[in-house]
$ cat target_19.txt   # compact mmCIF, C-alpha atoms
# COMPACT_ATOMS: atom_id res chain seq x y z
CA MET A 24 136.00 139.43 218.16
CA PRO A 25 136.20 136.24 220.20
CA VAL A 26 135.83 132.94 218.40
CA ASP A 27 132.37 131.32 218.77
CA GLN A 28 132.35 129.07 221.86
CA SER A 29 129.87 126.65 220.27
CA LEU A 30 132.64 125.45 217.94
CA VAL A 31 134.06 123.10 220.57
CA GLY A 32 133.58 119.52 219.44
CA ARG A 33 132.74 120.45 215.88
CA SER A 34 134.51 118.71 212.98
CA PHE A 35 135.02 120.47 209.69
CA PRO A 36 134.76 118.83 206.24
CA PRO A 37 137.87 116.91 205.13
CA THR A 38 140.36 118.76 202.96
CA ALA A 39 140.48 117.97 199.24
CA ALA A 40 142.45 114.83 198.38
CA TYR A 41 146.15 115.71 198.24
CA GLU A 42 148.54 113.57 196.27
CA VAL A 43 152.00 113.21 197.76
CA THR A 44 154.46 113.34 194.87
CA GLU A 45 158.23 112.95 194.83
CA GLU A 46 158.46 116.57 193.69
CA ARG A 47 156.41 117.83 196.64
CA LEU A 48 158.46 115.73 199.07
CA ARG A 49 161.68 116.99 197.53
CA ASP A 50 160.56 120.65 197.70
CA PHE A 51 159.59 120.31 201.36
CA ALA A 52 162.74 118.40 202.29
CA ASP A 53 164.90 120.98 200.51
CA ALA A 54 163.09 123.81 202.29
CA VAL A 55 163.91 122.34 205.71
CA GLY A 56 167.46 121.48 204.64
CA ALA A 57 167.03 117.71 204.97
CA PRO A 58 167.64 116.18 201.54
CA TYR A 59 164.88 113.77 200.46
CA ASP A 60 166.21 110.23 200.71
CA GLY A 61 163.69 108.83 198.21
CA ARG A 62 161.84 107.06 201.01
CA GLN A 63 159.91 108.71 203.81
CA ALA A 64 158.71 112.28 204.15
CA PRO A 65 160.31 114.57 206.75
CA PRO A 66 158.51 114.16 210.11
CA THR A 67 156.86 117.61 209.99
CA TYR A 68 155.47 117.04 206.48
CA PRO A 69 151.89 116.28 207.70
CA ILE A 70 151.67 119.97 208.64
CA VAL A 71 150.99 120.63 204.94
CA LEU A 72 147.67 118.78 205.35
CA ALA A 73 146.99 120.10 208.84
CA PHE A 74 147.68 123.65 207.71
CA GLU A 75 145.25 123.31 204.81
CA ALA A 76 142.60 122.06 207.24
CA MET A 77 143.37 124.97 209.60
CA ASN A 78 143.10 127.51 206.76
CA SER A 79 139.66 126.20 205.80
CA PHE A 80 138.60 126.41 209.43
CA LEU A 81 139.89 129.99 209.80
CA GLU A 82 138.15 131.04 206.58
CA ALA A 83 134.89 129.44 207.68
CA GLU A 84 135.10 131.38 210.95
CA SER A 85 136.33 134.62 209.33
CA VAL A 86 139.54 134.62 211.37
CA ASP A 87 142.56 136.41 209.87
CA LEU A 88 145.61 134.18 209.47
CA PHE A 89 147.97 137.02 210.41
CA ARG A 90 146.39 137.11 213.89
CA ILE A 91 147.25 133.44 214.45
CA VAL A 92 150.43 132.36 216.23
CA HIS A 93 151.24 128.70 216.68
CA GLY A 94 151.27 127.70 220.35
CA GLU A 95 151.90 123.96 220.29
CA GLN A 96 152.13 121.14 217.77
CA LYS A 97 152.21 117.38 218.19
CA PHE A 98 152.36 114.53 215.70
CA ALA A 99 151.74 110.85 216.36
CA TYR A 100 152.55 108.75 213.32
CA GLU A 101 150.95 105.46 212.36
CA ARG A 102 153.38 105.10 209.48
CA PRO A 103 155.73 107.32 207.45
CA ILE A 104 154.23 109.27 204.52
CA VAL A 105 155.58 108.16 201.14
CA ALA A 106 155.23 109.30 197.52
CA GLY A 107 151.99 108.02 196.02
CA ASP A 108 149.92 108.56 199.18
CA VAL A 109 146.64 110.42 198.63
CA LEU A 110 145.80 112.16 201.89
CA THR A 111 143.06 114.23 203.48
CA ALA A 112 142.91 115.96 206.85
CA THR A 113 139.86 116.41 209.06
CA LEU A 114 140.02 119.11 211.72
CA THR A 115 138.07 119.05 214.98
CA VAL A 116 137.98 121.91 217.46
CA ALA A 117 138.95 120.29 220.74
CA SER A 118 138.98 123.25 223.13
CA LEU A 119 138.58 126.98 223.27
CA ARG A 120 139.43 129.45 226.02
CA GLN A 121 140.16 133.14 226.32
CA ILE A 122 143.25 134.49 228.04
CA ALA A 123 144.11 138.20 228.13
CA GLY A 124 142.08 139.04 225.04
CA ASN A 125 143.48 136.12 223.04
CA ASP A 126 141.58 133.01 221.97
CA ILE A 127 143.47 129.80 222.66
CA ILE A 128 142.09 127.30 220.14
CA GLY A 129 142.92 123.61 220.57
CA THR A 130 142.51 121.58 217.37
CA THR A 131 143.15 118.03 216.28
CA SER A 132 143.56 117.00 212.65
CA GLU A 133 143.52 113.38 211.55
CA VAL A 134 145.40 112.67 208.35
CA THR A 135 144.05 109.62 206.52
CA ASP A 136 145.01 107.87 203.30
CA ALA A 137 142.86 106.89 200.31
CA SER A 138 141.70 103.71 202.07
CA GLY A 139 140.58 105.77 205.06
CA ALA A 140 143.36 104.43 207.27
CA LEU A 141 144.85 106.82 209.81
CA VAL A 142 148.37 107.96 208.84
CA CYS A 143 149.03 110.64 211.42
CA SER A 144 147.17 112.30 214.29
CA THR A 145 148.14 115.91 214.82
CA SER A 146 147.14 118.36 217.47
CA ALA A 147 147.76 122.08 217.37
CA THR A 148 147.15 124.96 219.72
CA LEU A 149 146.47 128.18 217.86
CA VAL A 150 146.72 131.53 219.60
CA HIS A 151 144.38 134.05 218.02
CA ARG A 152 145.65 137.48 218.96
CA GLY A 153 142.63 139.70 219.47
CA ALA A 154 142.59 143.20 217.96
CA ASP A 155 142.92 144.75 221.43
CA ALA A 156 145.46 142.26 222.82
CA MET B 1 173.40 109.74 226.05
CA THR B 2 174.17 113.30 224.99
CA LEU B 3 173.92 113.82 221.25
CA GLU B 4 176.12 116.19 219.30
CA THR B 5 174.52 119.67 219.20
CA ARG B 6 173.51 120.84 215.74
CA THR B 7 173.55 124.50 214.69
CA PHE B 8 171.43 125.83 211.84
CA THR B 9 171.37 129.35 210.38
CA VAL B 10 167.95 130.77 209.52
CA THR B 11 167.56 133.57 206.95
CA ARG B 12 164.58 135.39 205.43
CA ALA B 13 165.24 133.47 202.19
CA ASP B 14 164.78 130.21 204.13
CA LEU B 15 161.38 131.45 205.33
CA VAL B 16 160.31 132.35 201.77
CA ARG B 17 161.28 128.86 200.59
CA TYR B 18 159.55 127.22 203.53
CA ALA B 19 156.36 129.24 202.95
CA ALA B 20 156.24 128.04 199.35
CA ALA B 21 156.89 124.39 200.22
CA SER B 22 154.53 124.24 203.21
CA GLY B 23 151.72 126.51 202.02
CA ASP B 24 152.02 128.66 205.16
CA HIS B 25 151.99 132.20 203.76
CA ASN B 26 151.22 133.95 207.04
CA PRO B 27 152.72 137.44 206.47
CA ILE B 28 154.18 137.54 210.00
CA HIS B 29 156.94 135.38 208.48
CA GLN B 30 157.63 137.85 205.64
CA ASP B 31 156.61 141.39 206.57
CA ASP B 32 157.99 143.33 209.55
CA ASP B 33 155.05 145.76 209.59
CA VAL B 34 152.43 143.00 209.80
CA ALA B 35 154.47 141.18 212.47
CA ARG B 36 154.71 144.35 214.58
CA SER B 37 150.98 145.03 214.14
CA VAL B 38 150.25 141.87 216.17
CA GLY B 39 152.82 142.67 218.85
CA LEU B 40 155.80 140.69 217.54
CA PRO B 41 159.29 142.23 217.48
CA GLY B 42 159.56 141.74 213.70
CA VAL B 43 159.50 138.88 211.20
CA ILE B 44 159.65 135.54 213.00
CA ALA B 45 160.41 132.07 211.67
CA HIS B 46 157.48 129.70 211.21
CA GLY B 47 157.31 127.66 214.42
CA MET B 48 157.03 124.67 212.13
CA TYR B 49 160.31 125.65 210.47
CA THR B 50 162.09 125.59 213.82
CA MET B 51 160.37 122.29 214.63
CA ALA B 52 161.54 120.94 211.26
CA LEU B 53 165.13 121.87 212.20
CA ALA B 54 164.70 119.93 215.44
CA ALA B 55 163.40 116.96 213.42
CA ARG B 56 166.34 117.35 211.06
CA ALA B 57 168.76 117.01 213.98
CA VAL B 58 166.92 113.86 215.09
CA SER B 59 167.19 112.44 211.54
CA GLU B 60 170.92 113.18 211.55
CA TRP B 61 171.38 111.48 214.92
CA PHE B 62 169.27 108.45 213.94
CA PRO B 63 169.68 108.09 210.16
CA GLY B 64 166.78 106.29 208.49
CA ALA B 65 164.94 105.69 211.79
CA GLU B 66 161.17 105.93 211.77
CA VAL B 67 159.87 108.80 213.91
CA VAL B 68 156.90 107.64 216.00
CA SER B 69 155.97 110.95 217.60
CA LEU B 70 157.16 114.54 217.69
CA GLY B 71 155.89 117.48 219.67
CA CYS B 72 156.71 120.85 221.22
CA LYS B 73 155.32 124.14 222.40
CA PHE B 74 156.36 127.37 220.72
CA THR B 75 157.43 129.43 223.70
CA ASN B 76 159.59 132.19 222.21
CA PRO B 77 159.77 133.51 218.65
CA VAL B 78 162.87 133.11 216.48
CA VAL B 79 163.28 136.65 215.18
CA VAL B 80 164.91 136.65 211.76
CA PRO B 81 166.71 139.84 210.64
CA ALA B 82 166.25 141.27 207.13
CA GLU B 83 169.99 140.87 206.49
CA GLY B 84 172.12 137.91 207.51
CA GLY B 85 170.58 135.25 209.71
CA VAL B 86 170.13 133.87 213.21
CA GLU B 87 171.49 130.65 214.59
CA VAL B 88 169.25 127.98 216.06
CA GLU B 89 170.94 125.32 218.20
CA VAL B 90 169.43 121.88 218.69
CA ALA B 91 170.78 119.80 221.58
CA GLY B 92 169.53 116.33 222.40
CA GLU B 93 169.61 113.74 225.13
CA ALA B 94 168.64 110.17 224.21
CA LYS B 95 167.08 108.00 226.91
CA GLU B 96 167.65 104.26 227.21
CA PRO B 97 165.58 102.46 224.53
CA GLU B 98 162.40 100.76 225.76
CA ASP B 99 160.56 98.20 223.62
CA GLY B 100 162.60 99.34 220.62
CA LEU B 101 161.67 102.99 221.07
CA THR B 102 164.12 105.74 221.97
CA THR B 103 162.88 109.00 223.48
CA VAL B 104 164.95 112.05 222.64
CA ALA B 105 164.56 115.13 224.85
CA LEU B 106 165.55 118.18 222.86
CA THR B 107 166.68 121.66 223.81
CA VAL B 108 166.26 124.24 221.07
CA THR B 109 167.73 127.68 221.62
CA CYS B 110 168.27 130.93 219.74
CA ALA B 111 170.59 133.61 221.13
CA GLY B 112 170.84 131.64 224.38
CA GLN B 113 167.06 131.54 224.92
CA LYS B 114 164.88 128.43 224.66
CA VAL B 115 162.46 128.84 221.76
CA LEU B 116 160.62 125.50 222.01
CA GLY B 117 158.94 124.15 225.14
CA MET B 118 159.45 120.46 225.98
CA PRO B 119 160.46 119.45 222.45
CA LYS B 120 160.51 115.67 222.29
CA ALA B 121 160.82 112.98 219.65
CA VAL B 122 160.33 109.23 219.88
CA VAL B 123 162.13 107.13 217.28
CA ARG B 124 162.13 103.43 216.48
CA ALA B 125 165.84 102.90 217.07

$ encode --input "target_19.txt" --output "structure tokens"
Amino acid sequence: MPVDQSLVGRSFPPTAAYEVTEERLRDFADAVGAPYDGRQAPPTYPIVLAFEAMNSFLEAESVDLFRIVHGEQKFAYERPIVAGDVLTATLTVASLRQIAGNDIIGTTSEVTDASGALVCSTSATLVHRGADA
Amino acid sequence: MTLETRTFTVTRADLVRYAAASGDHNPIHQDDDVARSVGLPGVIAHGMYTMALAARAVSEWFPGAEVVSLGCKFTNPVVVPAEGGVEVEVAGEAKEPEDGLTTVALTVTCAGQKVLGMPKAVVRA
């Protein structure tokens, strides 16, 4: 079933506050094979927040995660993420089109810290593979 | 300036670890049957895992440098076999720095095929 076209421009509620701990940074850094240097998070770390925001969006729209393939991802950083940050992500649906039975969903997620300051802007293109695609 | 190509081996165990650390438990990264049900050749690496390897190469080329932006398209899947692993190669070309920022054009391949489209990083270095 195609995703609802009226979603374009809609922002979803911010994700629950997420505390960046040394342990979480170390786990992520180990998983990507780049040992945590005790300072900044690996550059792709904001995906943890963006992914959480995407999951909430998919659940709200009753879209199955296994039908989603990542098409594109961009990060623009205001500053590195460090242990002690408390972050939330807010997802907005930027665009939506249908190609060959697939929905191509453009999203942006802004990651902000406890003071509300922008830490990282992310944009992601999600390819929703339709049941008949 | 051409940077020294980095080669990383990706296994199913790496994907399990990455799923746990990132929260991305999409079964197309764990289960061949689910992956095939959506038209994929089998279990594929998280695109974000491959992107993380590209970022890792950048961090190795520019130790300690702040990354200002990072982006790519996911153009071809990295298919990860149940046994053994696949190699992902990350090549890079650094442009002349401008205003303290260096743009790195990346080429990320698996089995001779580009897997990321226009991967690019900008670092403060």

$ interface_residues --input "target_19.txt" --of "chain B" --to "chain A" --cutoff "6 Å" --atoms "all atoms listed in the file" --output "PyMOL selection string"
chain B and resi 17-18+21-22+26+52+68-74

$ atom_distance --input "target_19.txt" --atom1 "CA of Leu149 (chain A)" --atom2 "CA of Leu53 (chain B)"
20.5 Å

$ atom_distance --input "target_19.txt" --atom1 "CA of Glu84 (chain A)" --atom2 "CA of Leu110 (chain A)"
23.8 Å

$ residues_around --input "target_19.txt" --residues "Thr11 (chain B)" --least-positions-apart "2" --cutoff "12 Å" --atoms "only C-alpha atoms" --output "ChimeraX atom specification"
/A:54-55 /B:8-9,13-18,29-30,43-46,49-50,78-88

$ atom_distance --input "target_19.txt" --atom1 "CA of Ala76 (chain A)" --atom2 "CA of Gly32 (chain A)"
15.4 Å

$ closest_residue --input "target_19.txt" --among "B:Pro27, B:Pro63, B:Pro97, B:Pro77" --to "Pro41 (chain B)" --atoms "only C-alpha atoms"
B:Pro77

$ closest_residue --input "target_19.txt" --among "A:Val116, A:Val134, A:Ala106, A:Val86" --to "Phe35 (chain A)" --atoms "all atoms listed in the file"
A:Val116

$ residues_around --input "target_19.txt" --residues "Trp61 (chain B)" --least-positions-apart "3" --cutoff "12 Å" --atoms "all atoms listed in the file" --output "number ranges by chain"
B: 1-6, 54-58, 64-65, 67, 90-94, 102, 104, 106, 121, 123, 125

$ write_last_selection --input "target_19.txt" --atoms "C-alpha atoms" --output "compact mmCIF listing (two decimals), in the coordinates of the input"
# COMPACT_ATOMS: atom_id res chain seq x y z
CA MET B 1 173.40 109.74 226.05
CA THR B 2 174.17 113.30 224.99
CA LEU B 3 173.92 113.82 221.25
CA GLU B 4 176.12 116.19 219.30
CA THR B 5 174.52 119.67 219.20
CA ARG B 6 173.51 120.84 215.74
CA ALA B 54 164.70 119.93 215.44
CA ALA B 55 163.40 116.96 213.42
CA ARG B 56 166.34 117.35 211.06
CA ALA B 57 168.76 117.01 213.98
CA VAL B 58 166.92 113.86 215.09
CA GLY B 64 166.78 106.29 208.49
CA ALA B 65 164.94 105.69 211.79
CA VAL B 67 159.87 108.80 213.91
CA VAL B 90 169.43 121.88 218.69
CA ALA B 91 170.78 119.80 221.58
CA GLY B 92 169.53 116.33 222.40
CA GLU B 93 169.61 113.74 225.13
CA ALA B 94 168.64 110.17 224.21
CA THR B 102 164.12 105.74 221.97
CA VAL B 104 164.95 112.05 222.64
CA LEU B 106 165.55 118.18 222.86
CA ALA B 121 160.82 112.98 219.65
CA VAL B 123 162.13 107.13 217.28
CA ALA B 125 165.84 102.90 217.07

$ closest_residue --input "target_19.txt" --among "B:Met48, B:Gly39, B:Glu96, B:Gln113" --to "Asn76 (chain B)" --atoms "all atoms listed in the file"
B:Gln113

$ closest_residue --input "target_19.txt" --among "B:Val10, B:Lys114, B:Lys120, B:Leu40" --to "Lys95 (chain B)" --atoms "all atoms listed in the file"
B:Lys120

$ closest_residue --input "target_19.txt" --among "A:Ala64, A:Ala40, A:Val150, A:Leu30" --to "Asp126 (chain A)" --atoms "only C-alpha atoms"
A:Val150

$ closest_residue --input "target_19.txt" --among "A:Gln121, A:Thr115, A:Tyr59, A:Ala140" --to "Glu46 (chain A)" --atoms "all atoms listed in the file"
A:Tyr59

$ residues_around --input "target_19.txt" --residues "Asp108 (chain A)" --least-positions-apart "3" --cutoff "10 Å" --atoms "all atoms listed in the file" --output "ChimeraX atom specification"
/A:40-44,104-105,111,135-138,142

$ decode --input "target_19.txt" --residues "region 6-54 of chain B" --atoms "N, CA and C atoms" --output "short mmCIF file (atom, residue, chain, number, x, y, z; two decimals), in the first residue's frame"
data_model
loop_
_atom_site.label_atom_id
_atom_site.label_comp_id
_atom_site.auth_asym_id
_atom_site.auth_seq_id
_atom_site.Cartn_x
_atom_site.Cartn_y
_atom_site.Cartn_z
N ARG B 6 42.01 1.62 1.94
CA ARG B 6 41.81 0.77 3.11
C ARG B 6 40.90 -0.39 2.71
N THR B 7 41.18 -1.57 3.24
CA THR B 7 40.36 -2.75 2.96
C THR B 7 39.82 -3.29 4.27
N PHE B 8 38.51 -3.50 4.32
CA PHE B 8 37.86 -4.03 5.52
C PHE B 8 37.09 -5.30 5.14
N THR B 9 37.13 -6.29 6.03
CA THR B 9 36.37 -7.52 5.82
C THR B 9 35.08 -7.45 6.64
N VAL B 10 33.97 -7.77 5.98
CA VAL B 10 32.65 -7.71 6.64
C VAL B 10 32.10 -9.13 6.76
N THR B 11 31.72 -9.51 8.00
CA THR B 11 31.15 -10.83 8.25
C THR B 11 29.74 -10.68 8.84
N ARG B 12 29.01 -11.79 8.88
CA ARG B 12 27.68 -11.76 9.51
C ARG B 12 27.79 -11.37 10.99
N ALA B 13 28.86 -11.80 11.64
CA ALA B 13 29.04 -11.45 13.07
C ALA B 13 29.18 -9.94 13.23
N ASP B 14 29.84 -9.29 12.26
CA ASP B 14 29.96 -7.82 12.30
C ASP B 14 28.57 -7.17 12.23
N LEU B 15 27.69 -7.75 11.40
CA LEU B 15 26.35 -7.17 11.24
C LEU B 15 25.52 -7.34 12.51
N VAL B 16 25.70 -8.49 13.18
CA VAL B 16 24.98 -8.72 14.45
C VAL B 16 25.43 -7.69 15.49
N ARG B 17 26.74 -7.46 15.55
CA ARG B 17 27.29 -6.49 16.52
C ARG B 17 26.81 -5.09 16.16
N TYR B 18 26.82 -4.77 14.88
CA TYR B 18 26.39 -3.43 14.47
C TYR B 18 24.90 -3.23 14.76
N ALA B 19 24.09 -4.25 14.53
CA ALA B 19 22.65 -4.14 14.81
C ALA B 19 22.43 -3.81 16.28
N ALA B 20 23.16 -4.49 17.15
CA ALA B 20 23.00 -4.26 18.59
C ALA B 20 23.43 -2.85 18.97
N ALA B 21 24.54 -2.39 18.42
CA ALA B 21 25.08 -1.08 18.81
C ALA B 21 24.29 0.08 18.21
N SER B 22 23.69 -0.15 17.04
CA SER B 22 23.01 0.96 16.35
C SER B 22 21.50 0.95 16.57
N GLY B 23 20.95 -0.21 16.98
CA GLY B 23 19.51 -0.32 17.14
C GLY B 23 18.79 -0.68 15.84
N ASP B 24 19.54 -0.88 14.76
CA ASP B 24 18.93 -1.24 13.47
C ASP B 24 18.84 -2.76 13.35
N HIS B 25 17.66 -3.28 13.72
CA HIS B 25 17.46 -4.73 13.71
C HIS B 25 16.65 -5.19 12.50
N ASN B 26 16.75 -4.43 11.40
CA ASN B 26 16.06 -4.85 10.18
C ASN B 26 16.55 -6.26 9.82
N PRO B 27 15.60 -7.22 9.69
CA PRO B 27 16.01 -8.62 9.45
C PRO B 27 16.68 -8.87 8.10
N ILE B 28 16.61 -7.88 7.17
CA ILE B 28 17.33 -8.09 5.90
C ILE B 28 18.84 -8.14 6.11
N HIS B 29 19.29 -7.75 7.32
CA HIS B 29 20.71 -7.80 7.64
C HIS B 29 21.09 -9.05 8.44
N GLN B 30 20.08 -9.94 8.64
CA GLN B 30 20.33 -11.13 9.47
C GLN B 30 19.80 -12.42 8.82
N ASP B 31 18.72 -12.29 8.04
CA ASP B 31 17.96 -13.48 7.64
C ASP B 31 17.86 -13.53 6.11
N ASP B 32 18.46 -14.56 5.51
CA ASP B 32 18.46 -14.69 4.04
C ASP B 32 17.04 -14.75 3.48
N ASP B 33 16.14 -15.46 4.17
CA ASP B 33 14.78 -15.63 3.64
C ASP B 33 14.05 -14.29 3.57
N VAL B 34 14.18 -13.48 4.63
CA VAL B 34 13.51 -12.18 4.64
C VAL B 34 14.13 -11.30 3.55
N ALA B 35 15.46 -11.33 3.43
CA ALA B 35 16.13 -10.51 2.42
C ALA B 35 15.64 -10.88 1.02
N ARG B 36 15.52 -12.17 0.76
CA ARG B 36 15.08 -12.62 -0.58
C ARG B 36 13.62 -12.26 -0.82
N SER B 37 12.82 -12.22 0.26
CA SER B 37 11.39 -11.92 0.11
C SER B 37 11.16 -10.49 -0.39
N VAL B 38 12.17 -9.61 -0.22
CA VAL B 38 12.02 -8.24 -0.74
C VAL B 38 12.94 -8.02 -1.94
N GLY B 39 13.35 -9.13 -2.58
CA GLY B 39 14.06 -9.03 -3.84
C GLY B 39 15.56 -8.84 -3.75
N LEU B 40 16.11 -9.02 -2.55
CA LEU B 40 17.57 -8.90 -2.39
C LEU B 40 18.20 -10.27 -2.62
N PRO B 41 19.50 -10.30 -2.98
CA PRO B 41 20.14 -11.59 -3.26
C PRO B 41 20.38 -12.44 -2.00
N GLY B 42 20.30 -11.84 -0.85
CA GLY B 42 20.56 -12.53 0.42
C GLY B 42 20.84 -11.45 1.44
N VAL B 43 21.35 -11.86 2.60
CA VAL B 43 21.65 -10.89 3.66
C VAL B 43 22.62 -9.83 3.14
N ILE B 44 22.28 -8.57 3.38
CA ILE B 44 23.16 -7.46 2.97
C ILE B 44 23.61 -6.69 4.21
N ALA B 45 24.75 -6.07 4.10
CA ALA B 45 25.25 -5.22 5.19
C ALA B 45 24.34 -4.00 5.33
N HIS B 46 24.21 -3.49 6.55
CA HIS B 46 23.54 -2.21 6.74
C HIS B 46 24.28 -1.19 5.87
N GLY B 47 23.54 -0.37 5.11
CA GLY B 47 24.23 0.69 4.36
C GLY B 47 25.04 1.55 5.31
N MET B 48 24.48 1.76 6.51
CA MET B 48 25.17 2.60 7.48
C MET B 48 26.45 1.95 8.00
N TYR B 49 26.51 0.61 7.91
CA TYR B 49 27.76 -0.05 8.31
C TYR B 49 28.84 0.25 7.28
N THR B 50 28.47 0.13 6.01
CA THR B 50 29.43 0.44 4.94
C THR B 50 29.85 1.90 5.02
N MET B 51 28.87 2.78 5.29
CA MET B 51 29.20 4.21 5.42
C MET B 51 30.14 4.44 6.62
N ALA B 52 29.92 3.67 7.68
CA ALA B 52 30.80 3.79 8.85
C ALA B 52 32.23 3.36 8.52
N LEU B 53 32.36 2.35 7.64
CA LEU B 53 33.71 1.93 7.22
C LEU B 53 34.38 3.04 6.41
N ALA B 54 33.58 3.71 5.58
CA ALA B 54 34.12 4.84 4.82
C ALA B 54 34.59 5.94 5.78
#
